[in-house]
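Student: Just so it is clear, I am handing over target-v2.txt, which has compact mmCIF, C-alpha atoms.
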```
# COMPACT_ATOMS: atom_id res chain seq x y z
CA MET Z 1 55.47 -46.59 37.12
CA THR Z 2 57.43 -49.81 37.12
CA GLY Z 3 56.83 -51.59 33.86
CA LYS Z 4 57.46 -55.27 33.46
CA THR Z 5 60.81 -54.91 31.76
CA GLY Z 6 62.41 -58.00 33.14
CA LYS Z 7 65.67 -56.13 33.48
CA LYS Z 8 67.07 -54.09 36.33
CA GLY Z 9 68.33 -50.58 35.77
CA ASP Z 10 65.85 -49.60 33.07
CA THR Z 11 65.24 -46.17 34.57
CA GLY Z 12 66.13 -44.12 31.55
CA CYS Z 13 67.82 -44.21 28.22
CA ALA Z 14 71.30 -43.01 27.40
CA VAL Z 15 70.99 -40.55 24.59
CA LYS Z 16 73.51 -38.58 22.62
CA ASP Z 17 72.61 -35.01 21.87
CA CYS Z 18 73.47 -33.59 18.47
CA CYS Z 19 77.02 -32.78 19.66
CA GLY Z 20 77.63 -36.37 20.71
CA ARG Z 21 77.45 -35.85 24.47
CA THR Z 22 75.76 -38.69 26.32
CA LYS Z 23 73.16 -38.05 28.97
CA ILE Z 24 70.48 -40.14 30.65
CA GLU Z 25 66.93 -39.06 29.92
CA LYS Z 26 64.23 -40.39 32.20
CA HIS Z 27 61.57 -42.50 30.54
CA THR Z 28 58.18 -40.84 30.16
CA PRO Z 29 55.75 -42.48 32.60
CA LEU Z 30 52.63 -44.06 31.12
CA ALA Z 31 49.18 -43.98 32.66
CA VAL Z 32 48.38 -47.47 33.91
CA LEU Z 33 44.74 -48.57 33.99
CA GLY Z 34 45.24 -51.83 35.82
CA ALA Z 35 47.08 -55.11 35.54
CA VAL Z 36 46.69 -58.49 33.88
CA GLU Z 37 47.77 -61.51 35.86
CA THR Z 38 49.96 -63.94 34.00
CA LYS Z 39 52.26 -66.81 34.85
CA SER Z 40 55.09 -64.32 34.37
CA GLY Z 41 53.70 -61.81 36.84
CA ASP Z 42 51.42 -58.82 36.56
CA ILE Z 43 51.50 -56.89 33.32
CA PRO Z 44 50.47 -53.21 33.28
CA VAL Z 45 47.43 -52.33 31.20
CA VAL Z 46 47.69 -49.07 29.30
CA ALA Z 47 45.08 -47.15 27.32
CA ALA Z 48 44.73 -47.57 23.58
CA LYS Z 49 43.15 -44.15 23.27
CA LEU Z 50 45.71 -41.34 23.35
CA ALA Z 51 45.42 -38.48 25.81
CA PHE Z 52 46.02 -34.84 24.92
CA ARG Z 53 49.53 -34.94 26.41
CA ASP Z 54 50.39 -37.84 24.08
CA ILE Z 55 49.21 -35.90 21.04
CA LEU Z 56 51.07 -32.83 22.28
CA GLY Z 57 54.17 -34.96 22.72
CA SER Z 58 54.03 -36.13 19.10
CA PHE Z 59 53.55 -32.54 17.95
CA ARG Z 60 56.59 -31.50 19.99
CA MET Z 61 58.60 -34.28 18.32
CA ARG Z 62 57.80 -32.90 14.88
CA TRP Z 63 59.39 -29.62 15.94
CA GLY Z 64 62.42 -31.34 17.43
CA ILE Z 65 61.72 -30.21 21.00
CA GLY Z 66 63.15 -32.78 23.36
CA ARG Z 67 63.40 -35.16 20.46
CA TYR Z 68 66.10 -37.28 22.06
CA GLY Z 69 64.94 -38.96 25.22
CA TYR Z 70 61.20 -39.19 24.47
CA SER Z 71 61.15 -42.79 25.51
CA ILE Z 72 59.19 -45.27 27.60
CA GLU Z 73 60.40 -48.15 29.69
CA PRO Z 74 60.98 -51.24 27.55
CA GLY Z 75 59.15 -54.41 28.49
CA ILE Z 76 55.68 -55.85 28.07
CA TYR Z 77 52.37 -54.02 28.28
CA ALA Z 78 48.72 -55.00 27.83
CA LEU Z 79 45.81 -53.41 26.02
CA GLY Z 80 42.29 -54.33 27.06
CA ARG Z 81 41.99 -57.75 28.79
CA PRO Z 82 44.36 -60.10 26.92
CA ASP Z 83 44.44 -63.79 27.76
CA PRO Z 84 47.17 -66.29 26.81
CA SER Z 85 45.78 -66.55 23.26
CA ALA Z 86 46.07 -62.80 22.61
CA PRO Z 87 48.44 -61.54 19.87
CA VAL Z 88 51.77 -59.93 20.71
CA PHE Z 89 52.82 -56.80 18.82
CA VAL Z 90 56.41 -55.57 18.98
CA THR Z 91 57.58 -51.97 18.80
CA ALA Z 92 60.38 -49.59 19.80
CA ASN Z 93 60.55 -47.62 23.07
CA TYR Z 94 60.34 -44.30 21.24
CA LYS Z 95 57.12 -43.02 22.81
CA MET Z 96 55.73 -41.81 19.49
CA SER Z 97 56.17 -45.30 18.00
CA PHE Z 98 54.35 -46.79 20.98
CA ASP Z 99 51.55 -44.21 20.80
CA ARG Z 100 51.04 -44.63 17.08
CA LEU Z 101 50.79 -48.38 17.51
CA ARG Z 102 48.46 -48.53 20.49
CA LYS Z 103 45.97 -46.02 19.14
CA GLU Z 104 45.36 -48.29 16.12
CA LEU Z 105 44.77 -51.29 18.39
CA HIS Z 106 41.79 -49.73 20.14
CA GLY Z 107 39.26 -52.44 20.90
CA LEU Z 108 41.78 -55.26 20.66
CA ASP Z 109 42.92 -57.37 23.61
CA CYS Z 110 46.62 -57.83 23.06
CA PHE Z 111 50.14 -57.48 24.40
CA ILE Z 112 52.74 -55.00 23.27
CA LEU Z 113 56.38 -55.96 23.61
CA VAL Z 114 58.53 -52.84 23.70
CA LEU Z 115 62.19 -53.14 22.71
CA ASP Z 116 64.93 -50.88 24.04
CA THR Z 117 66.01 -48.86 21.00
CA GLY Z 118 67.35 -45.93 23.01
CA GLY Z 119 64.19 -43.95 22.31
CA ILE Z 120 64.63 -44.19 18.53
CA ASN Z 121 61.78 -45.09 16.16
CA VAL Z 122 61.42 -48.52 14.57
CA TRP Z 123 62.84 -47.94 11.08
CA CYS Z 124 65.87 -45.90 12.13
CA ALA Z 125 66.61 -48.26 15.00
CA ALA Z 126 66.32 -51.24 12.66
CA GLY Z 127 68.85 -49.60 10.33
CA LYS Z 128 71.21 -49.13 13.27
CA GLY Z 129 70.60 -52.64 14.57
CA THR Z 130 69.14 -51.57 17.94
CA PHE Z 131 65.68 -52.75 16.88
CA GLY Z 132 67.49 -55.97 16.32
CA THR Z 133 67.77 -59.72 16.53
CA GLU Z 134 69.69 -59.70 19.82
CA GLU Z 135 67.45 -57.18 21.59
CA LEU Z 136 64.31 -59.04 20.51
CA ILE Z 137 65.70 -62.37 21.72
CA GLU Z 138 66.79 -60.80 25.03
CA ARG Z 139 63.47 -59.04 25.59
CA ILE Z 140 61.38 -62.16 24.84
CA LYS Z 141 63.42 -64.04 27.41
CA ALA Z 142 63.53 -61.19 29.94
CA VAL Z 143 59.74 -60.75 30.12
CA GLY Z 144 59.15 -64.50 30.10
CA LEU Z 145 56.93 -64.35 27.02
CA LYS Z 146 56.72 -68.14 26.85
CA LYS Z 147 54.81 -68.12 30.14
CA ILE Z 148 52.53 -65.25 29.15
CA VAL Z 149 51.08 -66.55 25.88
CA ARG Z 150 50.05 -70.01 24.76
CA HIS Z 151 50.91 -69.46 21.13
CA SER Z 152 54.38 -68.89 19.69
CA GLN Z 153 54.06 -65.88 17.41
CA VAL Z 154 55.13 -62.27 17.63
CA ILE Z 155 54.00 -59.64 15.15
CA LEU Z 156 56.69 -57.21 14.07
CA PRO Z 157 56.29 -54.00 12.09
CA GLN Z 158 57.65 -54.68 8.59
CA LEU Z 159 60.10 -51.80 8.91
CA GLY Z 160 61.81 -53.60 11.77
CA ALA Z 161 63.10 -56.10 9.22
CA PRO Z 162 66.42 -54.36 8.44
CA GLY Z 163 67.49 -55.10 11.98
CA VAL Z 164 65.90 -58.47 12.66
CA ALA Z 165 66.82 -61.86 11.23
CA ALA Z 166 63.50 -63.60 11.72
CA HIS Z 167 64.85 -67.13 11.27
CA ILE Z 168 67.49 -66.62 13.98
CA VAL Z 169 64.97 -65.25 16.48
CA SER Z 170 62.76 -68.23 15.74
CA LYS Z 171 65.57 -70.67 16.33
CA LYS Z 172 66.75 -69.03 19.56
CA THR Z 173 63.36 -68.35 21.20
CA GLY Z 174 60.86 -70.70 19.61
CA PHE Z 175 58.78 -67.68 18.62
CA LYS Z 176 57.90 -67.29 14.95
CA ILE Z 177 58.01 -63.77 13.58
CA ILE Z 178 55.10 -62.54 11.54
CA TYR Z 179 55.89 -59.34 9.70
CA GLY Z 180 52.86 -57.11 9.96
CA PRO Z 181 52.09 -54.17 7.67
CA VAL Z 182 54.29 -51.09 7.35
CA ARG Z 183 51.67 -48.78 8.84
CA ALA Z 184 49.95 -49.53 12.15
CA LYS Z 185 46.62 -48.33 10.79
CA ASP Z 186 46.54 -51.38 8.49
CA ILE Z 187 46.82 -53.80 11.42
CA PRO Z 188 43.05 -54.30 12.00
CA LEU Z 189 42.54 -55.24 8.33
CA PHE Z 190 45.71 -57.34 8.42
CA ILE Z 191 44.27 -59.35 11.30
CA ARG Z 192 40.85 -59.71 9.64
CA ASN Z 193 42.64 -61.10 6.59
CA GLY Z 194 44.15 -63.85 8.69
CA PHE Z 195 47.47 -62.09 9.35
CA LYS Z 196 48.11 -61.56 5.66
CA ALA Z 197 49.25 -58.27 4.23
CA GLY Z 198 48.25 -57.02 0.80
CA GLU Z 199 50.86 -55.55 -1.56
CA LYS Z 200 49.93 -51.97 -0.69
CA MET Z 201 50.38 -52.67 3.02
CA ARG Z 202 54.00 -53.62 2.37
CA ARG Z 203 54.95 -50.55 0.29
CA VAL Z 204 56.46 -47.33 1.47
CA ASP Z 205 55.93 -44.25 -0.65
CA PHE Z 206 56.79 -40.64 0.01
CA PRO Z 207 53.57 -38.70 -0.64
CA PHE Z 208 53.09 -35.00 -0.02
CA LYS Z 209 51.53 -35.49 3.42
CA ASP Z 210 54.49 -37.55 4.61
CA ARG Z 211 56.98 -35.04 3.24
CA ILE Z 212 55.35 -31.94 4.66
CA VAL Z 213 55.15 -33.32 8.18
CA LEU Z 214 58.96 -33.52 8.23
CA THR Z 215 59.55 -29.90 7.28
CA PRO Z 216 59.21 -28.24 10.73
CA MET Z 217 62.16 -30.31 11.88
CA GLU Z 218 64.17 -29.29 8.81
CA LEU Z 219 63.37 -25.64 9.46
CA VAL Z 220 64.41 -25.87 13.11
CA ALA Z 221 67.63 -27.71 12.20
CA ALA Z 222 68.59 -24.90 9.82
CA TYR Z 223 68.99 -22.30 12.58
CA LYS Z 224 72.74 -22.90 12.63
CA ILE Z 225 72.89 -21.74 9.02
CA ILE Z 226 71.02 -18.52 9.90
CA LEU Z 227 73.58 -17.80 12.61
CA GLY Z 228 76.41 -18.32 10.13
CA VAL Z 229 74.77 -16.03 7.59
CA LEU Z 230 74.17 -13.29 10.18
CA ILE Z 231 77.82 -13.38 11.24
CA PHE Z 232 78.88 -13.31 7.60
CA LEU Z 233 76.68 -10.29 6.81
CA CYS Z 234 77.93 -8.40 9.88
CA LEU Z 235 81.53 -9.08 8.87
CA VAL Z 236 80.89 -7.82 5.35
CA GLU Z 237 79.33 -4.62 6.73
CA LEU Z 238 82.11 -4.03 9.24
CA ILE Z 239 84.91 -4.61 6.75
CA THR Z 240 83.49 -2.78 3.76
CA ALA Z 241 81.11 -0.12 5.01
CA GLY Z 242 81.82 0.59 8.67
CA PRO Z 243 79.34 0.18 11.54
CA VAL Z 244 76.58 -2.41 11.48
CA SER Z 245 73.10 -0.95 11.51
CA SER Z 246 69.72 -2.59 11.98
CA LYS Z 247 69.28 -2.70 8.21
CA ILE Z 248 71.34 -5.88 8.46
CA PHE Z 249 68.08 -7.64 9.29
CA THR Z 250 66.57 -6.54 6.00
CA GLU Z 251 69.66 -7.90 4.33
CA LEU Z 252 69.09 -11.17 6.13
CA LEU Z 253 65.64 -11.67 4.60
CA PRO Z 254 66.71 -13.23 1.27
CA TYR Z 255 68.81 -15.73 3.20
CA LEU Z 256 65.92 -16.59 5.53
CA GLY Z 257 63.85 -17.09 2.41
CA ALA Z 258 66.48 -19.45 1.02
CA ILE Z 259 66.23 -21.53 4.18
CA ALA Z 260 62.45 -21.69 3.86
CA VAL Z 261 62.81 -22.74 0.22
CA GLY Z 262 65.31 -25.48 1.08
CA ALA Z 263 63.63 -26.73 4.24
CA VAL Z 264 59.97 -26.50 3.24
CA LEU Z 265 59.32 -25.68 -0.39
CA ALA Z 266 61.78 -28.09 -2.01
CA PRO Z 267 60.60 -31.05 0.12
CA ALA Z 268 56.99 -30.12 -0.63
CA LEU Z 269 57.64 -29.98 -4.38
CA LEU Z 270 60.17 -32.81 -4.41
CA PRO Z 271 58.74 -35.04 -7.17
CA TRP Z 272 58.16 -32.04 -9.45
CA LEU Z 273 61.65 -30.57 -9.18
CA PRO Z 274 63.97 -31.76 -11.96
CA GLY Z 275 66.43 -34.62 -11.69
CA ARG Z 276 66.77 -37.40 -9.16
CA SER Z 277 69.53 -35.84 -7.09
CA PHE Z 278 68.22 -33.94 -4.09
CA ALA Z 279 71.08 -31.44 -4.31
CA PHE Z 280 70.20 -30.72 -7.94
CA LYS Z 281 66.49 -30.35 -7.17
CA GLY Z 282 67.42 -27.92 -4.43
CA TRP Z 283 69.82 -25.99 -6.64
CA THR Z 284 67.12 -25.55 -9.31
CA ALA Z 285 64.63 -24.29 -6.74
CA GLY Z 286 67.34 -22.01 -5.40
CA ILE Z 287 68.17 -20.46 -8.77
CA ILE Z 288 64.50 -19.76 -9.51
CA TYR Z 289 64.11 -18.29 -6.04
CA ALA Z 290 67.22 -16.08 -6.41
CA VAL Z 291 65.95 -14.70 -9.73
CA ILE Z 292 62.52 -13.95 -8.23
CA ILE Z 293 64.08 -12.33 -5.16
CA GLY Z 294 66.34 -10.27 -7.41
CA TYR Z 295 63.34 -9.09 -9.38
CA LEU Z 296 61.39 -8.21 -6.22
CA PHE Z 297 64.16 -6.48 -4.23
CA SER Z 298 66.10 -5.00 -7.17
CA PRO Z 299 69.49 -4.98 -5.45
CA GLY Z 300 72.60 -3.69 -7.20
CA PRO Z 301 74.29 -5.99 -9.72
CA GLY Z 302 77.04 -6.86 -7.21
CA THR Z 303 74.66 -8.07 -4.54
CA PHE Z 304 72.44 -9.80 -7.10
CA THR Z 305 75.40 -11.74 -8.47
CA ALA Z 306 76.36 -12.73 -4.94
CA TRP Z 307 72.81 -13.94 -4.38
CA LEU Z 308 72.95 -16.05 -7.56
CA PHE Z 309 75.97 -17.85 -6.15
CA ILE Z 310 75.07 -18.08 -2.45
CA LEU Z 311 71.31 -18.66 -2.33
CA PRO Z 312 71.08 -21.70 -4.65
CA ALA Z 313 74.04 -23.22 -2.79
CA MET Z 314 72.19 -22.81 0.51
CA VAL Z 315 68.99 -24.28 -0.86
CA SER Z 316 70.90 -27.14 -2.48
CA PHE Z 317 72.68 -27.99 0.76
CA ILE Z 318 69.49 -27.97 2.84
CA THR Z 319 67.61 -30.07 0.29
CA LEU Z 320 70.55 -32.50 0.16
CA ASN Z 321 70.11 -32.99 3.90
CA PHE Z 322 66.49 -33.95 3.31
CA THR Z 323 67.84 -37.29 2.08
CA GLY Z 324 68.05 -38.34 5.71
CA CYS Z 325 64.30 -37.87 6.14
CA SER Z 326 63.35 -39.53 2.89
CA THR Z 327 62.04 -43.06 2.56
CA TYR Z 328 63.78 -44.11 -0.61
CA THR Z 329 67.36 -42.80 -0.80
CA SER Z 330 70.12 -45.39 -0.72
CA LEU Z 331 73.50 -44.96 0.96
CA SER Z 332 75.27 -45.55 -2.37
CA GLY Z 333 73.11 -42.94 -4.07
CA VAL Z 334 73.69 -40.31 -1.41
CA LEU Z 335 77.45 -40.94 -1.47
CA ARG Z 336 77.47 -40.51 -5.23
CA GLU Z 337 75.50 -37.31 -5.31
CA MET Z 338 77.52 -35.84 -2.44
CA ARG Z 339 80.75 -36.49 -4.34
CA TYR Z 340 79.61 -34.08 -7.05
CA ALA Z 341 77.27 -31.78 -5.19
CA LEU Z 342 79.33 -30.84 -2.13
CA PRO Z 343 82.38 -29.45 -3.96
CA ALA Z 344 80.09 -27.65 -6.40
CA LEU Z 345 77.96 -25.97 -3.80
CA ILE Z 346 80.90 -25.13 -1.54
CA PHE Z 347 82.64 -23.50 -4.52
CA SER Z 348 79.49 -21.64 -5.42
CA ALA Z 349 78.97 -20.37 -1.87
CA LEU Z 350 82.61 -19.25 -1.57
CA ALA Z 351 82.42 -17.44 -4.90
CA GLY Z 352 79.28 -15.68 -3.75
CA ILE Z 353 80.87 -14.71 -0.42
CA ILE Z 354 83.90 -13.23 -2.17
CA ILE Z 355 81.68 -11.33 -4.61
CA LYS Z 356 79.66 -9.98 -1.71
CA PHE Z 357 82.79 -8.74 0.06
CA VAL Z 358 84.18 -7.11 -3.07
CA PHE Z 359 80.97 -5.61 -4.41
CA ASN Z 360 79.01 -4.82 -1.25
CA GLY Z 361 76.86 -1.78 -1.88
CA TYR Z 362 77.06 -2.09 -5.67
CA MET E 1 59.65 -42.13 -6.43
CA GLN E 2 63.02 -43.40 -7.52
CA TYR E 3 66.48 -42.21 -6.56
CA LEU E 4 69.69 -42.33 -8.60
CA LYS E 5 70.05 -45.08 -11.21
CA ASN E 6 72.60 -47.87 -11.25
CA VAL E 7 74.02 -47.32 -7.78
CA ALA E 8 72.39 -49.99 -5.65
CA THR E 9 74.79 -52.67 -4.40
CA LEU E 10 72.05 -55.31 -4.13
CA LYS E 11 73.08 -58.73 -5.42
CA MET E 12 71.27 -62.04 -5.57
CA ASP E 13 72.54 -65.56 -6.17
CA PRO E 14 69.65 -67.48 -7.76
CA LYS E 15 71.32 -70.82 -7.06
CA LEU E 16 70.80 -70.31 -3.32
CA CYS E 17 67.23 -69.01 -3.57
CA THR E 18 64.56 -71.42 -2.35
CA GLY E 19 61.60 -69.23 -3.23
CA CYS E 20 60.54 -68.79 0.41
CA GLY E 21 59.33 -65.26 -0.38
CA MET E 22 60.71 -63.54 2.73
CA CYS E 23 62.47 -60.85 0.68
CA LEU E 24 59.17 -59.96 -1.00
CA LYS E 25 57.56 -59.65 2.40
CA VAL E 26 60.13 -57.35 3.97
CA CYS E 27 61.03 -55.12 1.02
CA PRO E 28 59.34 -51.71 1.26
CA HIS E 29 59.86 -50.88 -2.43
CA ALA E 30 58.73 -53.95 -4.40
CA VAL E 31 62.24 -54.71 -5.63
CA PHE E 32 61.51 -58.43 -5.88
CA ALA E 33 58.93 -60.66 -7.55
CA LEU E 34 58.36 -64.39 -7.55
CA ARG E 35 58.99 -65.93 -10.98
CA ASN E 36 59.08 -69.68 -11.54
CA LYS E 37 59.11 -70.33 -7.80
CA LYS E 38 62.21 -68.17 -7.26
CA SER E 39 62.70 -64.58 -6.27
CA VAL E 40 63.93 -62.20 -8.93
CA ILE E 41 65.12 -58.60 -8.70
CA VAL E 42 62.68 -56.67 -10.89
CA SER E 43 63.32 -53.09 -9.80
CA LYS E 44 66.93 -52.67 -8.69
CA ASP E 45 66.82 -48.88 -8.97
CA SER E 46 64.08 -48.86 -6.32
CA CYS E 47 66.43 -50.43 -3.80
CA MET E 48 67.29 -48.16 -0.87
CA GLU E 49 69.84 -50.59 0.60
CA CYS E 50 68.00 -50.93 3.91
CA GLY E 51 69.26 -54.51 4.18
CA ALA E 52 65.97 -56.08 5.27
CA CYS E 53 66.05 -58.67 2.47
CA ALA E 54 69.62 -59.84 3.06
CA LYS E 55 69.02 -59.91 6.82
CA ASN E 56 65.98 -62.12 6.47
CA CYS E 57 67.29 -64.49 3.82
CA ALA E 58 68.01 -67.68 5.72
CA PHE E 59 69.80 -69.08 2.67
CA HIS E 60 72.29 -66.24 2.17
CA ALA E 61 71.16 -65.66 -1.39
CA LEU E 62 71.14 -61.89 -1.01
CA SER E 63 73.83 -59.35 -0.26
CA VAL E 64 73.80 -55.57 -0.10
CA ARG E 65 76.06 -52.87 1.31
CA SER E 66 73.39 -51.60 3.66
CA GLY E 67 73.48 -48.28 5.40
CA VAL E 68 71.49 -45.11 5.93
CA GLY E 69 71.01 -42.81 2.96
CA CYS E 70 71.40 -39.67 5.03
CA ALA E 71 73.72 -36.90 3.85
CA ALA E 72 73.99 -35.35 7.33
CA GLY E 73 74.93 -38.71 8.87
CA ILE E 74 77.65 -39.23 6.28
CA MET E 75 79.04 -35.72 6.82
CA TYR E 76 79.07 -36.06 10.63
CA ALA E 77 80.79 -39.41 10.33
CA ALA E 78 83.43 -38.01 8.00
CA LEU E 79 84.05 -35.00 10.30
CA ALA E 80 84.29 -37.28 13.32
CA GLY E 81 86.82 -39.44 11.51
CA LYS E 82 84.56 -42.45 11.36
CA ASP E 83 83.67 -44.66 8.42
CA PRO E 84 80.87 -42.81 6.61
CA LYS E 85 79.60 -46.08 5.26
CA LYS E 86 78.91 -47.35 8.78
CA GLU E 87 77.89 -44.51 11.07
CA ALA E 88 74.44 -43.01 11.24
CA CYS E 89 73.96 -39.71 13.04
CA CYS E 90 71.14 -40.51 15.48
```
Give the structure from this file in structure tokens form.
Tutor:
Amino acid sequence: MTGKTGKKGDTGCAVKDCCGRTKIEKHTPLAVLGAVETKSGDIPVVAAKLAFRDILGSFRMRWGIGRYGYSIEPGIYALGRPDPSAPVFVTANYKMSFDRLRKELHGLDCFILVLDTGGINVWCAAGKGTFGTEELIERIKAVGLKKIVRHSQVILPQLGAPGVAAHIVSKKTGFKIIYGPVRAKDIPLFIRNGFKAGEKMRRVDFPFKDRIVLTPMELVAAYKIILGVLIFLCLVELITAGPVSSKIFTELLPYLGAIAVGAVLAPALLPWLPGRSFAFKGWTAGIIYAVIIGYLFSPGPGTFTAWLFILPAMVSFITLNFTGCSTYTSLSGVLREMRYALPALIFSALAGIIIKFVFNGY
Amino acid sequence: MQYLKNVATLKMDPKLCTGCGMCLKVCPHAVFALRNKKSVIVSKDSCMECGACAKNCAFHALSVRSGVGCAAGIMYAALAGKDPKKEACC
């Protein structure tokens, strides 16, 4: 499908995988229902209602499958039968952002202006600057928005604000930016209230539901740690006791549990774990877990001591990484807690590893 | 929920504030309030340094060392030899 991007060469987005290698991922095609004629050309009409493949796509994203490169072609799209007085909503070309917006606009005749954020969601892209002043100015000009609508307003998601200087866009394009609510589902009420957002619509919290939905991704991302632990356990066996048997997998269980505690349990219980530091919250959960595991498995004192040093360090590290998913941690805060937490948990893990080597079997 | 206390680098110069209210509109954590027709920081420890307020203040009354509060991003940046205060991971 050729969207009305206004720019040549928008066939895919350049994405970096987690090792920093760049590759071009093709945009996901969208089902087009028709076209709206405007003075700027024909604009593709897409559905507001999501299809099963869209819902499946979002589910896949939560598990980190093909997470980079789940993008759509930037440009302008239509919902329903918009005329030149219809509102213009702006979003990122991460397909999940686009889907979550359009499904809330069911029944509305409007335009959706999609910015090229490299397939990254609104808030992250805004933080990076790709959902930004320059891109918005460029895109408004590229699609010829002035010729499409009679009015001079564009509605941005509030969380695009870190990247967009509204007054500069206004000066350069003649379009005034209205910051809409944080959550797309509040848009219908926002419009009924005359494009005014209540206090609650402008707040971001971090409730249980929002935390839990991030945990599959945390779990999947922790696989590298499991590999490291497996190698470590095999080395310990080889060096201290001889050949490696399949009982190594039983030995792995407490460590798998630690990953589950750090990736799922600690995020779930976040507000109820002590302290404000994520690393400390994780460490506390880890210590409690290690004691419980010790009680259940009854290992020898050597192994138990090793667990007391290694497992809380693992949980602490994984919970510390949850800062990146959270909605309220500041850069300054994370830097500060890392300064104390990282040396402490590295020391703890090393101590535990040494103890395990020395006392394996005891 | 609040993060660590007394770390946020958010600063405001009340002399430059015109009371336009943009910072109140774009802040996701109710850091600001309008008092006597000017914006005031009322909850500095709620600030996550996203930079939305400073970015949208046409009068340059606000400043913050904005960045992403992501431990993994900071670690990757440090390992890659980049400035951890600037690079995000994604």
Student: Write down, as JSON, numbers by chain, each residue of chain E that has any atom within 9 Å of an atom of chain Z, counting all atoms listed in the file.
Tutor: {"E": [1, 2, 3, 4, 5, 6, 7, 8, 9, 24, 25, 26, 27, 28, 29, 30, 46, 47, 48, 49, 50, 51, 52, 53, 54, 55, 56, 57, 58, 65, 66, 67, 68, 69, 70, 71, 72, 73, 74, 84, 85, 87, 88, 89, 90]}
Student: Report the distance between CA of Gly352 in chain Z and CA of Val220 in chain Z in Å, rounded to one decimal place.
Tutor: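 For CA of Gly352 in chain Z relative to CA of Val220 in chain Z, the distance reads 24.7 Å.
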Student: Expressed in Å to a single decimal, how great is the separation between CA of Lys185 in chain Z and CA of Val31 in chain E?
Tutor: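 Distance reported for this atom pair: 23.5 Å.
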Student: CA of Leu105 in chain Z to CA of Lys49 in chain Z: how many Å, to one decimal?
Tutor: 8.8 Å
Student: Counting all atoms listed in the file, figure out which residue out of Z:Ile177, Z:Ile346, Z:Ile293, Z:Val244 gets nearest to Met22 in chain E.
Tutor: Z:Ile177
Student: Find the residues near range 78-80 of chain Z: any atom within 9 Å, counting only C-alpha atoms, skip ones fewer than 4 places away on the same chain, and give them as a ChimeraX atom specification.
Tutor: /Z:35-36,43-48,102,105-113
Student: Please provide the set of residues having any atom within 7 Å of Ser63 in chain E, restricted to all atoms listed in the file, with same-chain residues fewer than 2 positions apart removed, written as a list in words.
Tutor: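 So the residues in contact are Leu10, Lys11, Met12, Ala54 and Ala61 of chain E.
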Student: So, with only C-alpha atoms as the atoms that count, which of Z:Thr38, Z:Ser348, Z:Asn93, Z:Thr284 lies closest to Phe309 in chain Z?
Tutor: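 So, comparing all the options, the nearest one is Z:Ser348.
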